[in-house]
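Trainee: Structure file protein07.cif, mmCIF, C-alpha atoms, is pasted below:
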```cif
data_target
loop_
_atom_site.label_atom_id
_atom_site.label_comp_id
_atom_site.auth_asym_id
_atom_site.auth_seq_id
_atom_site.Cartn_x
_atom_site.Cartn_y
_atom_site.Cartn_z
CA MET A 21 21.47 -18.37 -17.70
CA ALA A 22 24.94 -19.60 -16.76
CA ARG A 23 23.96 -19.69 -13.08
CA PHE A 24 20.81 -21.66 -13.94
CA LEU A 25 22.83 -24.22 -15.90
CA LEU A 26 25.38 -24.46 -13.10
CA ALA A 27 22.63 -24.99 -10.52
CA THR A 28 21.04 -27.66 -12.72
CA VAL A 29 24.35 -29.48 -13.09
CA LEU A 30 24.91 -29.36 -9.32
CA ILE A 31 21.42 -30.70 -8.60
CA LEU A 32 21.79 -33.52 -11.11
CA GLY A 33 25.24 -34.31 -9.76
CA CYS A 34 23.92 -34.48 -6.19
CA ALA A 35 21.01 -36.67 -7.30
CA ALA A 36 23.39 -39.06 -9.04
CA THR A 37 25.57 -39.16 -5.93
CA LEU A 38 22.59 -39.86 -3.68
CA GLU A 39 21.38 -42.62 -5.99
CA ALA A 40 24.81 -44.18 -6.17
CA ASN A 41 25.34 -44.05 -2.40
CA PHE A 42 21.80 -44.77 -1.24
CA HIS A 43 22.56 -48.40 -0.47
CA CYS A 44 25.91 -47.48 1.06
CA ASP A 45 27.69 -50.30 -0.78
CA GLY A 46 26.51 -52.76 1.85
CA THR A 47 28.26 -50.86 4.68
CA ASN A 48 26.84 -48.91 7.60
CA GLY A 49 26.78 -45.69 5.63
CA ASP A 50 29.33 -43.71 7.67
CA SER A 51 31.38 -42.83 4.59
CA THR A 52 28.38 -41.36 2.77
CA GLY A 53 26.68 -39.59 5.63
CA PHE A 54 23.62 -41.84 5.42
CA PRO A 55 22.50 -43.59 8.62
CA LYS A 56 22.60 -47.38 8.54
CA GLU A 57 18.79 -47.52 8.85
CA VAL A 58 18.51 -46.09 5.32
CA CYS A 59 20.80 -48.70 3.77
CA TYR A 60 19.64 -52.26 3.33
CA ILE A 61 21.59 -54.68 5.48
CA GLU A 62 23.16 -57.55 3.59
CA LYS A 63 22.49 -60.31 6.14
CA CYS A 64 18.84 -59.24 6.24
CA THR A 65 18.35 -59.35 2.47
CA LYS A 66 20.29 -62.62 2.31
CA ALA A 67 17.91 -64.16 4.84
CA ILE A 68 14.91 -62.89 2.87
CA LYS A 69 16.23 -64.36 -0.37
CA SER A 70 16.80 -67.69 1.35
CA HIS A 71 13.32 -67.70 2.85
CA ILE A 72 11.54 -67.01 -0.45
CA LYS A 73 12.40 -70.58 -1.43
CA ASN A 74 10.72 -71.85 1.77
CA GLU A 75 7.51 -70.02 0.91
CA PHE A 76 7.43 -71.45 -2.61
CA GLU A 77 8.12 -74.94 -1.24
CA ALA A 78 5.17 -74.58 1.13
CA ALA A 79 3.02 -73.38 -1.78
CA PHE A 80 4.01 -76.36 -3.93
CA SER A 81 3.30 -78.73 -1.04
CA TYR A 82 -0.19 -77.28 -0.59
CA MET A 83 -0.77 -77.51 -4.34
CA HIS A 84 0.27 -81.16 -4.25
CA MET A 85 -2.25 -81.91 -1.51
CA GLY A 86 -4.94 -79.84 -3.21
CA ALA A 87 -4.47 -81.74 -6.45
CA TYR A 88 -4.62 -85.05 -4.57
CA PHE A 89 -7.97 -84.30 -2.93
CA ALA A 90 -9.37 -82.88 -6.18
CA GLN A 91 -8.97 -86.23 -8.00
CA ASP A 92 -12.20 -87.93 -8.98
CA THR A 93 -11.03 -91.05 -7.14
CA VAL A 94 -10.77 -89.06 -3.88
CA ALA A 95 -13.42 -86.38 -4.44
CA ARG A 96 -12.94 -84.14 -1.42
CA PRO A 97 -13.62 -80.71 -2.93
CA GLY A 98 -13.60 -78.97 0.43
CA MET A 99 -10.10 -80.13 1.28
CA ALA A 100 -8.94 -79.39 -2.26
CA LYS A 101 -10.28 -75.85 -1.97
CA PHE A 102 -8.71 -75.38 1.46
CA MET A 103 -5.28 -76.60 0.33
CA LEU A 104 -5.24 -74.60 -2.92
CA GLU A 105 -6.25 -71.42 -1.08
CA SER A 106 -3.39 -72.05 1.36
CA ALA A 107 -1.04 -72.47 -1.62
CA SER A 108 -2.14 -69.07 -2.95
CA GLU A 109 -1.41 -67.45 0.40
CA GLU A 110 2.09 -68.91 0.61
CA ARG A 111 2.78 -67.87 -2.98
CA SER A 112 1.55 -64.35 -2.23
CA HIS A 113 4.03 -64.16 0.66
CA ALA A 114 6.89 -65.05 -1.69
CA ILE A 115 5.75 -62.43 -4.21
CA LEU A 116 5.51 -59.82 -1.44
CA MET A 117 9.11 -60.59 -0.48
CA LEU A 118 10.28 -60.27 -4.08
CA ASP A 119 8.46 -56.93 -4.35
CA TYR A 120 10.12 -55.79 -1.15
CA LEU A 121 13.60 -56.64 -2.44
CA ASN A 122 12.86 -54.67 -5.61
CA LYS A 123 11.58 -51.75 -3.55
CA ARG A 124 14.82 -51.61 -1.60
CA GLY A 125 16.87 -51.91 -4.78
CA VAL A 126 18.37 -55.27 -3.84
CA PRO A 127 19.87 -57.03 -6.90
CA ILE A 128 18.06 -60.28 -7.71
CA SER A 129 20.23 -62.61 -9.77
CA GLN A 130 21.57 -66.16 -9.68
CA ASP A 131 21.77 -66.08 -5.88
CA LEU A 132 17.99 -66.46 -5.76
CA ASN A 133 17.82 -70.22 -6.17
CA PHE A 134 14.43 -71.85 -6.78
CA ALA A 135 15.77 -75.38 -7.26
CA PHE A 136 13.94 -77.75 -4.93
CA ASN A 137 15.03 -81.07 -3.50
CA GLU A 138 12.57 -83.93 -3.26
CA SER A 139 13.63 -84.45 0.34
CA SER A 140 12.62 -80.87 1.22
CA ILE A 141 8.97 -81.55 0.43
CA ALA A 142 8.42 -83.89 3.32
CA GLY A 143 5.29 -85.17 5.01
CA GLU A 144 2.73 -87.91 4.93
CA TYR A 145 0.93 -86.39 1.96
CA LYS A 146 3.49 -87.92 -0.43
CA LYS A 147 1.88 -91.29 0.13
CA GLU A 148 -0.51 -92.63 -2.48
CA SER A 149 -3.32 -92.61 0.08
CA ILE A 150 -3.70 -89.97 2.76
CA THR A 151 -6.47 -89.27 5.22
CA LEU A 152 -7.91 -85.83 5.88
CA LEU A 153 -6.44 -85.82 9.37
CA LEU A 154 -2.93 -86.69 8.17
CA ALA A 155 -3.11 -83.91 5.57
CA LEU A 156 -4.18 -81.35 8.16
CA GLU A 157 -1.46 -82.44 10.57
CA ALA A 158 1.18 -82.30 7.81
CA ALA A 159 -0.02 -78.79 6.92
CA LEU A 160 0.17 -77.71 10.58
CA THR A 161 3.74 -79.01 10.89
CA MET A 162 4.70 -77.19 7.70
CA GLU A 163 3.13 -73.92 8.88
CA MET A 164 4.94 -74.08 12.20
CA THR A 165 8.24 -74.78 10.43
CA VAL A 166 7.75 -71.81 8.09
CA THR A 167 6.82 -69.59 11.05
CA ASN A 168 10.04 -70.53 12.85
CA GLN A 169 11.96 -69.71 9.67
CA ILE A 170 10.26 -66.30 9.54
CA HIS A 171 11.33 -65.62 13.13
CA HIS A 172 14.91 -66.25 11.95
CA VAL A 173 14.48 -63.68 9.17
CA VAL A 174 13.12 -61.11 11.63
CA LYS A 175 16.14 -61.74 13.85
CA GLU A 176 18.51 -61.21 10.91
CA CYS A 177 16.64 -57.98 10.07
CA GLU A 178 16.60 -56.60 13.63
CA HIS A 179 18.61 -53.56 12.52
CA ASP A 180 16.67 -53.11 9.29
CA TYR A 181 13.36 -51.90 10.67
CA HIS A 182 11.51 -51.90 7.37
CA GLY A 183 12.59 -55.47 6.59
CA ALA A 184 11.54 -56.70 10.03
CA ASP A 185 8.22 -54.86 9.79
CA VAL A 186 7.35 -56.43 6.42
CA PHE A 187 7.80 -59.88 7.92
CA THR A 188 5.91 -59.21 11.15
CA ASN A 189 2.97 -57.49 9.50
CA PRO A 190 1.24 -58.92 7.55
CA ILE A 191 3.26 -62.12 6.98
CA LEU A 192 3.83 -63.29 10.55
CA ASP A 193 0.31 -62.29 11.53
CA GLU A 194 -1.10 -64.42 8.70
CA GLN A 195 1.13 -67.34 9.73
CA HIS A 196 -0.25 -67.26 13.27
CA GLU A 197 -3.78 -67.02 11.93
CA GLY A 198 -3.14 -69.99 9.63
CA ILE A 199 -1.76 -72.09 12.48
CA ARG A 200 -4.77 -71.28 14.64
CA LYS A 201 -7.13 -72.20 11.79
CA LEU A 202 -5.42 -75.54 11.23
CA GLN A 203 -5.43 -76.34 14.95
CA GLY A 204 -9.16 -75.60 15.05
CA ALA A 205 -9.82 -77.73 11.97
CA ILE A 206 -7.92 -80.69 13.44
CA GLN A 207 -9.86 -80.46 16.69
CA GLU A 208 -13.15 -80.13 14.80
CA TYR A 209 -12.37 -83.28 12.83
CA LYS A 210 -11.47 -85.20 16.00
CA ASN A 211 -14.69 -84.04 17.65
CA LEU A 212 -16.72 -85.31 14.70
CA LEU A 213 -14.80 -88.58 14.69
CA HIS A 214 -15.53 -89.30 18.35
CA GLY A 215 -17.58 -92.49 18.53
CA HIS A 216 -17.26 -93.17 14.78
CA ASP A 217 -14.07 -95.24 14.58
CA GLN A 218 -15.47 -97.83 12.18
CA PRO A 219 -14.79 -97.43 8.44
CA GLU A 220 -18.42 -96.50 7.71
CA GLY A 221 -18.43 -93.92 10.47
CA ARG A 222 -15.11 -92.44 9.37
CA ALA A 223 -16.39 -92.14 5.79
CA MET A 224 -19.41 -90.21 7.06
CA VAL A 225 -17.20 -87.93 9.16
CA ASP A 226 -14.91 -87.30 6.18
CA PHE A 227 -17.89 -86.27 4.06
CA ILE A 228 -19.37 -83.96 6.74
CA PHE A 229 -15.99 -82.35 7.46
CA ASP A 230 -15.26 -81.87 3.76
CA GLN A 231 -18.63 -80.17 3.28
CA LYS A 232 -17.88 -77.85 6.19
CA LEU A 233 -14.64 -76.84 4.50
CA LEU A 234 -16.38 -76.40 1.17
CA LYS A 235 -19.02 -74.13 2.70
CA GLU A 236 -16.36 -72.34 4.82
CA SER A 237 -18.22 -73.12 8.03
CA LEU A 238 -15.04 -73.98 9.96
#
```
Translate the structure of the given file into structure tokens.
Mentor:
Amino acid sequence: MARFLLATVLILGCAATLEANFHCDGTNGDSTGFPKEVCYIEKCTKAIKSHIKNEFEAAFSYMHMGAYFAQDTVARPGMAKFMLESASEERSHAILMLDYLNKRGVPISQDLNFAFNESSIAGEYKKESITLLLALEAALTMEMTVTNQIHHVVKECEHDYHGADVFTNPILDEQHEGIRKLQGAIQEYKNLLHGHDQPEGRAMVDFIFDQKLLKESL
């Protein structure tokens, strides 16, 4: 019985030690015997925390555009649907990153700042009136900016294989797919607009393009 209790105490003591040292206190793990690949790397998690704000900013920007096109005075339900779905995807990326930080046991406190500056939500869509083409081009610019920011995170996580993998698959893959979709949509709109430069022709093109988006035929 005494041996059993002693063994139990030793096991619990080892478990507590492993739990306490699992993250290696932000070092490379040499003092604990853990390889650095097991410990989260501070510059990697710092880059992830910083980028979460970028994803939420992109989501809010898409929501802004979606709400604009959903107004009864604009009435472009296809564009509204497209923009709001894009907002959901960006928001899901941010949530995935938060889940990842929790999975790795990274403390989330005041250093995760969600305060946004008006100047950070840039683009033509802040105007009172915006065309479909301007909205698509603003979205493409935003997606390319976010993708470049993700490449920076992957670089910061080059020695944290799990962190880099989370950002390359599925997040980076979805970014590339989103960019390709926007590029295709812009070209489709320009193709429809060819030969219809007058206001009446442009209005017809806007309606046809919006219906294509609504029916997901792009």
Trainee: Write out as a list in words the residues lying within 8 Å of Glu163 in chain A, counting only C-alpha atoms and excluding same-chain residues fewer than 6 positions away.
Mentor: Gln195, Gly198 and Ile199 of chain A
Trainee: Evaluate the PyMOL selection byres ((chain A and resi 177-194) around 9) against this structure - the residues, as a VMD selection string, please.
Mentor: chain A and resid 56 to 61 63 to 65 67 to 68 109 113 116 to 117 120 167 170 to 176 195 to 199
Trainee: Now that the selection is made, can you save its residues with C-alpha atoms as an mmCIF file, in the frame of the given file?
Mentor:
```
data_model
loop_
_atom_site.group_PDB
_atom_site.id
_atom_site.type_symbol
_atom_site.label_atom_id
_atom_site.label_comp_id
_atom_site.auth_asym_id
_atom_site.auth_seq_id
_atom_site.Cartn_x
_atom_site.Cartn_y
_atom_site.Cartn_z
ATOM 1 C CA LYS A 56 22.600 -47.380 8.540
ATOM 2 C CA GLU A 57 18.790 -47.520 8.850
ATOM 3 C CA VAL A 58 18.510 -46.090 5.320
ATOM 4 C CA CYS A 59 20.800 -48.700 3.770
ATOM 5 C CA TYR A 60 19.640 -52.260 3.330
ATOM 6 C CA ILE A 61 21.590 -54.680 5.480
ATOM 7 C CA LYS A 63 22.490 -60.310 6.140
ATOM 8 C CA CYS A 64 18.840 -59.240 6.240
ATOM 9 C CA THR A 65 18.350 -59.350 2.470
ATOM 10 C CA ALA A 67 17.910 -64.160 4.840
ATOM 11 C CA ILE A 68 14.910 -62.890 2.870
ATOM 12 C CA GLU A 109 -1.410 -67.450 0.400
ATOM 13 C CA HIS A 113 4.030 -64.160 0.660
ATOM 14 C CA LEU A 116 5.510 -59.820 -1.440
ATOM 15 C CA MET A 117 9.110 -60.590 -0.480
ATOM 16 C CA TYR A 120 10.120 -55.790 -1.150
ATOM 17 C CA THR A 167 6.820 -69.590 11.050
ATOM 18 C CA ILE A 170 10.260 -66.300 9.540
ATOM 19 C CA HIS A 171 11.330 -65.620 13.130
ATOM 20 C CA HIS A 172 14.910 -66.250 11.950
ATOM 21 C CA VAL A 173 14.480 -63.680 9.170
ATOM 22 C CA VAL A 174 13.120 -61.110 11.630
ATOM 23 C CA LYS A 175 16.140 -61.740 13.850
ATOM 24 C CA GLU A 176 18.510 -61.210 10.910
ATOM 25 C CA GLN A 195 1.130 -67.340 9.730
ATOM 26 C CA HIS A 196 -0.250 -67.260 13.270
ATOM 27 C CA GLU A 197 -3.780 -67.020 11.930
ATOM 28 C CA GLY A 198 -3.140 -69.990 9.630
ATOM 29 C CA ILE A 199 -1.760 -72.090 12.480
#
```
Trainee: Using Å and a single decimal, report how far CA of Leu156 in chain A sits from CA of Leu202 in chain A.
Mentor: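 CA of Leu156 in chain A lies at a distance of 6.7 Å from CA of Leu202 in chain A.
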Trainee: Please work out which residues fall within 10 Å of (-14.9, -80.4, 4.7), coordinates as given in the file, with all atoms listed in the file counting, and return them as a PyMOL selection string.
Mentor: chain A and resi 96-102+152+205+209+225-238
Trainee: Nearest to Thr165 in chain A: which of A:Ala78, A:Leu153, A:Met85, A:Ala95 is it, counting all atoms listed in the file?
Mentor: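 For Thr165 in chain A, the nearest of the given residues is A:Ala78.
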Trainee: For the atom pair CA of Ala155 in chain A and CA of Asn211 in chain A, what is the interatomic distance in Å to one decimal place?
Mentor: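 Atom-to-atom, CA of Ala155 in chain A to CA of Asn211 in chain A, that is 16.7 Å.
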Trainee: How many Å lie between CA of Leu212 in chain A and CA of His84 in chain A, rounded to one decimal?
Mentor: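 Taking CA of Leu212 in chain A and CA of His84 in chain A, their separation equals 25.8 Å.
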Trainee: Out of A:Val94, A:Met224, A:Leu213, A:Ala114, which residue has the shortest atom-to-atom distance to Glu77 in chain A when counting all atoms listed in the file?
Mentor: A:Ala114
Trainee: Edge lengths and centre in Å to one decimal, as lines of an AutoDock Vina configuration file, of the axis-aligned box that encloses all listed atoms of range 164-172 of chain A with 8 Å added on every side?
Mentor:
```
center_x = 9.9
center_y = -70.2
center_z = 10.6
size_x = 26.0
size_y = 25.2
size_z = 21.0
```
Trainee: Could you spell out the hits of the PyMOL selection byres ((chain A and resi 110) around 9) on the shown file, as a list in words?
Mentor: Glu75, Phe76, Glu77, Ala78, Ala79, Phe80, Tyr82, Glu105, Ser106, Ala107, Ser108, Glu109, Arg111, Ser112, His113, Ala114 and Ile115 of chain A
Trainee: Write a file of the just-selected residues containing C-alpha atoms, as a PDB file, in the coordinates of the input.
Mentor:
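Okay, again_13.pdb is ready:
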```
ATOM      1  CA  GLU A  75       7.510 -70.020   0.910  1.00  0.00           C
ATOM      2  CA  PHE A  76       7.430 -71.450  -2.610  1.00  0.00           C
ATOM      3  CA  GLU A  77       8.120 -74.940  -1.240  1.00  0.00           C
ATOM      4  CA  ALA A  78       5.170 -74.580   1.130  1.00  0.00           C
ATOM      5  CA  ALA A  79       3.020 -73.380  -1.780  1.00  0.00           C
ATOM      6  CA  PHE A  80       4.010 -76.360  -3.930  1.00  0.00           C
ATOM      7  CA  TYR A  82      -0.190 -77.280  -0.590  1.00  0.00           C
ATOM      8  CA  GLU A 105      -6.250 -71.420  -1.080  1.00  0.00           C
ATOM      9  CA  SER A 106      -3.390 -72.050   1.360  1.00  0.00           C
ATOM     10  CA  ALA A 107      -1.040 -72.470  -1.620  1.00  0.00           C
ATOM     11  CA  SER A 108      -2.140 -69.070  -2.950  1.00  0.00           C
ATOM     12  CA  GLU A 109      -1.410 -67.450   0.400  1.00  0.00           C
ATOM     13  CA  ARG A 111       2.780 -67.870  -2.980  1.00  0.00           C
ATOM     14  CA  SER A 112       1.550 -64.350  -2.230  1.00  0.00           C
ATOM     15  CA  HIS A 113       4.030 -64.160   0.660  1.00  0.00           C
ATOM     16  CA  ALA A 114       6.890 -65.050  -1.690  1.00  0.00           C
ATOM     17  CA  ILE A 115       5.750 -62.430  -4.210  1.00  0.00           C
TER      18      ILE A 115
END
```
Trainee: Which residue gives the smallest distance to Lys210 in chain A among A:Ile72, A:Met162, A:Leu121, A:Leu154, with only C-alpha atoms counted?
Mentor: A:Leu154
Trainee: Between A:His216, A:Met103, A:Ala90, A:His71, which residue has the minimum interatomic distance to Ala159 in chain A, considering only C-alpha atoms?
Mentor: A:Met103
Trainee: Please reconstruct the missing atoms of range 92-122 of chain A (target: N, CA and C atoms) and return them as an mmCIF file, keeping the file's coordinate frame.
Mentor:
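Saved to selection_36.cif:
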```cif
data_model
loop_
_atom_site.group_PDB
_atom_site.id
_atom_site.type_symbol
_atom_site.label_atom_id
_atom_site.label_comp_id
_atom_site.auth_asym_id
_atom_site.auth_seq_id
_atom_site.Cartn_x
_atom_site.Cartn_y
_atom_site.Cartn_z
ATOM 1 N N ASP A 92 -10.872 -87.331 -9.010
ATOM 2 C CA ASP A 92 -12.200 -87.930 -8.980
ATOM 3 C C ASP A 92 -12.237 -89.204 -8.149
ATOM 4 N N THR A 93 -11.085 -89.834 -7.953
ATOM 5 C CA THR A 93 -11.030 -91.050 -7.140
ATOM 6 C C THR A 93 -11.004 -90.743 -5.642
ATOM 7 N N VAL A 94 -10.769 -89.477 -5.282
ATOM 8 C CA VAL A 94 -10.770 -89.060 -3.880
ATOM 9 C C VAL A 94 -11.996 -88.198 -3.599
ATOM 10 N N ALA A 95 -12.197 -87.200 -4.461
ATOM 11 C CA ALA A 95 -13.420 -86.380 -4.440
ATOM 12 C C ALA A 95 -13.696 -85.738 -3.078
ATOM 13 N N ARG A 96 -12.737 -84.949 -2.618
ATOM 14 C CA ARG A 96 -12.940 -84.140 -1.420
ATOM 15 C C ARG A 96 -12.749 -82.676 -1.805
ATOM 16 N N PRO A 97 -13.763 -82.075 -2.414
ATOM 17 C CA PRO A 97 -13.620 -80.710 -2.930
ATOM 18 C C PRO A 97 -13.355 -79.669 -1.851
ATOM 19 N N GLY A 98 -13.855 -79.917 -0.646
ATOM 20 C CA GLY A 98 -13.600 -78.970 0.430
ATOM 21 C C GLY A 98 -12.139 -78.912 0.809
ATOM 22 N N MET A 99 -11.532 -80.080 0.960
ATOM 23 C CA MET A 99 -10.100 -80.130 1.280
ATOM 24 C C MET A 99 -9.267 -79.594 0.132
ATOM 25 N N ALA A 100 -9.664 -79.913 -1.098
ATOM 26 C CA ALA A 100 -8.940 -79.390 -2.260
ATOM 27 C C ALA A 100 -8.963 -77.870 -2.259
ATOM 28 N N LYS A 101 -10.125 -77.299 -2.011
ATOM 29 C CA LYS A 101 -10.280 -75.850 -1.970
ATOM 30 C C LYS A 101 -9.435 -75.243 -0.850
ATOM 31 N N PHE A 102 -9.472 -75.861 0.310
ATOM 32 C CA PHE A 102 -8.710 -75.380 1.460
ATOM 33 C C PHE A 102 -7.212 -75.386 1.173
ATOM 34 N N MET A 103 -6.710 -76.482 0.604
ATOM 35 C CA MET A 103 -5.280 -76.600 0.330
ATOM 36 C C MET A 103 -4.828 -75.646 -0.775
ATOM 37 N N LEU A 104 -5.626 -75.491 -1.816
ATOM 38 C CA LEU A 104 -5.240 -74.600 -2.920
ATOM 39 C C LEU A 104 -5.288 -73.138 -2.492
ATOM 40 N N GLU A 105 -6.222 -72.787 -1.615
ATOM 41 C CA GLU A 105 -6.250 -71.420 -1.080
ATOM 42 C C GLU A 105 -5.017 -71.166 -0.223
ATOM 43 N N SER A 106 -4.605 -72.176 0.545
ATOM 44 C CA SER A 106 -3.390 -72.050 1.360
ATOM 45 C C SER A 106 -2.160 -71.893 0.470
ATOM 46 N N ALA A 107 -2.147 -72.601 -0.668
ATOM 47 C CA ALA A 107 -1.040 -72.470 -1.620
ATOM 48 C C ALA A 107 -0.957 -71.044 -2.156
ATOM 49 N N SER A 108 -2.109 -70.452 -2.441
ATOM 50 C CA SER A 108 -2.140 -69.070 -2.950
ATOM 51 C C SER A 108 -1.593 -68.097 -1.916
ATOM 52 N N GLU A 109 -1.900 -68.339 -0.653
ATOM 53 C CA GLU A 109 -1.410 -67.450 0.400
ATOM 54 C C GLU A 109 0.106 -67.531 0.526
ATOM 55 N N GLU A 110 0.641 -68.757 0.510
ATOM 56 C CA GLU A 110 2.090 -68.910 0.610
ATOM 57 C C GLU A 110 2.794 -68.281 -0.596
ATOM 58 N N ARG A 111 2.205 -68.465 -1.775
ATOM 59 C CA ARG A 111 2.780 -67.870 -2.980
ATOM 60 C C ARG A 111 2.738 -66.345 -2.908
ATOM 61 N N SER A 112 1.662 -65.803 -2.355
ATOM 62 C CA SER A 112 1.550 -64.350 -2.230
ATOM 63 C C SER A 112 2.610 -63.799 -1.275
ATOM 64 N N HIS A 113 2.959 -64.576 -0.250
ATOM 65 C CA HIS A 113 4.030 -64.160 0.660
ATOM 66 C C HIS A 113 5.357 -64.065 -0.087
ATOM 67 N N ALA A 114 5.643 -65.060 -0.923
ATOM 68 C CA ALA A 114 6.890 -65.050 -1.690
ATOM 69 C C ALA A 114 6.937 -63.856 -2.637
ATOM 70 N N ILE A 115 5.806 -63.563 -3.280
ATOM 71 C CA ILE A 115 5.750 -62.430 -4.210
ATOM 72 C C ILE A 115 5.929 -61.117 -3.457
ATOM 73 N N LEU A 116 5.342 -61.019 -2.260
ATOM 74 C CA LEU A 116 5.510 -59.820 -1.440
ATOM 75 C C LEU A 116 6.982 -59.604 -1.092
ATOM 76 N N MET A 117 7.687 -60.698 -0.809
ATOM 77 C CA MET A 117 9.110 -60.590 -0.480
ATOM 78 C C MET A 117 9.929 -60.163 -1.690
ATOM 79 N N LEU A 118 9.594 -60.690 -2.855
ATOM 80 C CA LEU A 118 10.280 -60.270 -4.080
ATOM 81 C C LEU A 118 10.033 -58.794 -4.358
ATOM 82 N N ASP A 119 8.793 -58.348 -4.164
ATOM 83 C CA ASP A 119 8.460 -56.930 -4.350
ATOM 84 C C ASP A 119 9.239 -56.059 -3.372
ATOM 85 N N TYR A 120 9.382 -56.543 -2.149
ATOM 86 C CA TYR A 120 10.120 -55.790 -1.150
ATOM 87 C C TYR A 120 11.586 -55.633 -1.540
ATOM 88 N N LEU A 121 12.203 -56.716 -2.012
ATOM 89 C CA LEU A 121 13.600 -56.640 -2.440
ATOM 90 C C LEU A 121 13.757 -55.644 -3.586
ATOM 91 N N ASN A 122 12.809 -55.633 -4.503
ATOM 92 C CA ASN A 122 12.860 -54.670 -5.610
ATOM 93 C C ASN A 122 12.683 -53.242 -5.093
#
```
